[in-house]
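Peer 1: Before I ask anything, let me first share the structure, which is written out below as structure tokens.
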Amino acid sequence: MTNPWRGDVSLTINGAPHVMRLTLGALASLEAELDEPSLLALVERFESTRFSSRDVLALIAAGLAGGGSGLTLADLAEAEIEGGPMAAARAGAELLARSFVLPTS
């Protein structure tokens, strides 16, 4: 399920759907968490496949925070994600891609 804003991505965690959104604040937190100096460096990190499972967790946690979820990075590390780690990685990739697409109208 995707919300009307094209940047939203849904991920089912512990049996409940959660909306993820990369707001500017969520992106700033993600840069800090991953110790990246800029937004461009952050995007390049994921595009060049230099990312780890920790990076995916941080990306999902940032998206959840931007979407208004109360789940923390620690909660997410212990959570059951529908579809497992690959589904989480795909959702993270979709989240990044949607966050940087310009609106068409």
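Order determines the names: the first chain of the structure tokens is A, the second B, and so forth; residues in each chain are numbered 1 upward, and ligands are numbered 1 upward as they are shown.
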Mind checking DSSP for chain A and telling me the alpha helix (DSSP H) residues as a PyMOL selection string?

Peer 2: chain A and resi 24-33+39-47+53-66+73-78+84-99

Peer 1: Leaving out region 17-24 of chain A and any residue of its chain fewer than 2 positions from it, which residues lie within 10 Å of it when counting only C-alpha atoms, given as JSON, numbers by chain?

Peer 2: {"A": [1, 2, 3, 5, 6, 7, 8, 9, 10, 11, 12, 13, 14, 15, 26, 27, 28, 29, 30, 39, 59, 60, 61, 62, 63, 64, 65, 66, 67, 68, 69, 70, 71, 81, 82, 91, 92, 95, 96, 98, 99, 100]}

Peer 1: Output C-alpha atoms for every residue in that selection, as an mmCIF file, in the first residue's frame.

Peer 2:
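Output contents, as saved in result-v3.cif:
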```cif
data_model
loop_
_atom_site.group_PDB
_atom_site.id
_atom_site.type_symbol
_atom_site.label_atom_id
_atom_site.label_comp_id
_atom_site.auth_asym_id
_atom_site.auth_seq_id
_atom_site.Cartn_x
_atom_site.Cartn_y
_atom_site.Cartn_z
ATOM 1 C CA MET A 1 0.000 0.000 0.000
ATOM 2 C CA THR A 2 1.405 3.363 -1.023
ATOM 3 C CA ASN A 3 0.034 6.702 0.162
ATOM 4 C CA TRP A 5 2.581 11.186 -1.927
ATOM 5 C CA ARG A 6 4.824 9.316 -4.341
ATOM 6 C CA GLY A 7 7.687 9.099 -1.852
ATOM 7 C CA ASP A 8 5.795 6.911 0.617
ATOM 8 C CA VAL A 9 6.625 3.212 0.851
ATOM 9 C CA SER A 10 4.854 0.690 3.060
ATOM 10 C CA LEU A 11 6.603 -2.118 4.929
ATOM 11 C CA THR A 12 4.923 -4.709 7.153
ATOM 12 C CA ILE A 13 6.722 -4.983 10.477
ATOM 13 C CA ASN A 14 5.588 -7.300 13.266
ATOM 14 C CA GLY A 15 2.395 -7.926 11.301
ATOM 15 C CA ALA A 26 14.941 11.900 8.263
ATOM 16 C CA LEU A 27 17.636 12.292 5.599
ATOM 17 C CA ALA A 28 19.724 14.486 7.912
ATOM 18 C CA SER A 29 19.437 11.855 10.658
ATOM 19 C CA LEU A 30 20.426 9.142 8.189
ATOM 20 C CA LEU A 39 23.174 13.914 0.680
ATOM 21 C CA LEU A 59 17.570 3.691 6.127
ATOM 22 C CA ILE A 60 14.393 1.860 7.153
ATOM 23 C CA ALA A 61 14.499 3.473 10.629
ATOM 24 C CA ALA A 62 14.891 6.939 9.071
ATOM 25 C CA GLY A 63 11.990 6.253 6.720
ATOM 26 C CA LEU A 64 9.833 5.041 9.591
ATOM 27 C CA ALA A 65 10.658 8.175 11.609
ATOM 28 C CA GLY A 66 9.810 10.346 8.604
ATOM 29 C CA GLY A 67 6.536 8.464 8.237
ATOM 30 C CA GLY A 68 5.643 9.098 11.872
ATOM 31 C CA SER A 69 6.228 5.601 13.237
ATOM 32 C CA GLY A 70 7.324 5.217 16.836
ATOM 33 C CA LEU A 71 9.648 2.303 16.000
ATOM 34 C CA ILE A 81 9.833 -7.851 8.673
ATOM 35 C CA GLU A 82 7.424 -9.481 6.259
ATOM 36 C CA ALA A 91 11.748 -1.368 0.384
ATOM 37 C CA GLY A 92 14.774 0.748 1.300
ATOM 38 C CA LEU A 95 12.197 4.525 -0.616
ATOM 39 C CA LEU A 96 15.416 6.158 -1.804
ATOM 40 C CA ARG A 98 10.926 7.578 -4.751
ATOM 41 C CA SER A 99 12.380 10.277 -2.538
ATOM 42 C CA PHE A 100 14.444 11.669 -5.386
#
```

Peer 1: Among chain A, which residues does DSSP mark as strand (DSSP E or B) when it is run on the backbone? Keep the chain and numbering as in the structure and answer as a PyMOL selection string.

Peer 2: chain A and resi 9-13+16-20+81

Peer 1: Write a file of the selected residues as a JSON list (two decimals), in the first residue's frame, keeping N, CA and C atoms.

Peer 2:
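Listing of result-v8.json after writing:
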```json
[["chain", "number", "residue", "atom", "x", "y", "z"],
["A", 9, "VAL", "N", 6.47, 4.64, 1.08],
["A", 9, "VAL", "CA", 6.62, 3.21, 0.85],
["A", 9, "VAL", "C", 6.12, 2.52, 2.11],
["A", 10, "SER", "N", 5.38, 1.44, 1.92],
["A", 10, "SER", "CA", 4.85, 0.69, 3.06],
["A", 10, "SER", "C", 5.68, -0.57, 3.28],
["A", 11, "LEU", "N", 5.88, -0.91, 4.55],
["A", 11, "LEU", "CA", 6.60, -2.12, 4.93],
["A", 11, "LEU", "C", 5.86, -2.73, 6.11],
["A", 12, "THR", "N", 5.61, -4.03, 6.06],
["A", 12, "THR", "CA", 4.92, -4.71, 7.15],
["A", 12, "THR", "C", 5.95, -5.19, 8.17],
["A", 13, "ILE", "N", 5.80, -4.68, 9.39],
["A", 13, "ILE", "CA", 6.72, -4.98, 10.48],
["A", 13, "ILE", "C", 5.91, -5.50, 11.66],
["A", 16, "ALA", "N", 2.15, -5.51, 11.18],
["A", 16, "ALA", "CA", 1.41, -4.26, 10.95],
["A", 16, "ALA", "C", 2.07, -3.44, 9.85],
["A", 17, "PRO", "N", 1.27, -2.85, 8.94],
["A", 17, "PRO", "CA", 1.87, -2.00, 7.91],
["A", 17, "PRO", "C", 2.34, -0.68, 8.49],
["A", 18, "HIS", "N", 3.50, -0.24, 8.03],
["A", 18, "HIS", "CA", 4.07, 1.04, 8.46],
["A", 18, "HIS", "C", 4.46, 1.83, 7.21],
["A", 19, "VAL", "N", 4.15, 3.12, 7.23],
["A", 19, "VAL", "CA", 4.51, 4.00, 6.12],
["A", 19, "VAL", "C", 5.90, 4.58, 6.38],
["A", 20, "MET", "N", 6.73, 4.53, 5.35],
["A", 20, "MET", "CA", 8.06, 5.13, 5.41],
["A", 20, "MET", "C", 8.10, 6.33, 4.47],
["A", 81, "ILE", "N", 10.21, -8.59, 9.88],
["A", 81, "ILE", "CA", 9.83, -7.85, 8.67],
["A", 81, "ILE", "C", 9.27, -8.85, 7.67]]
```
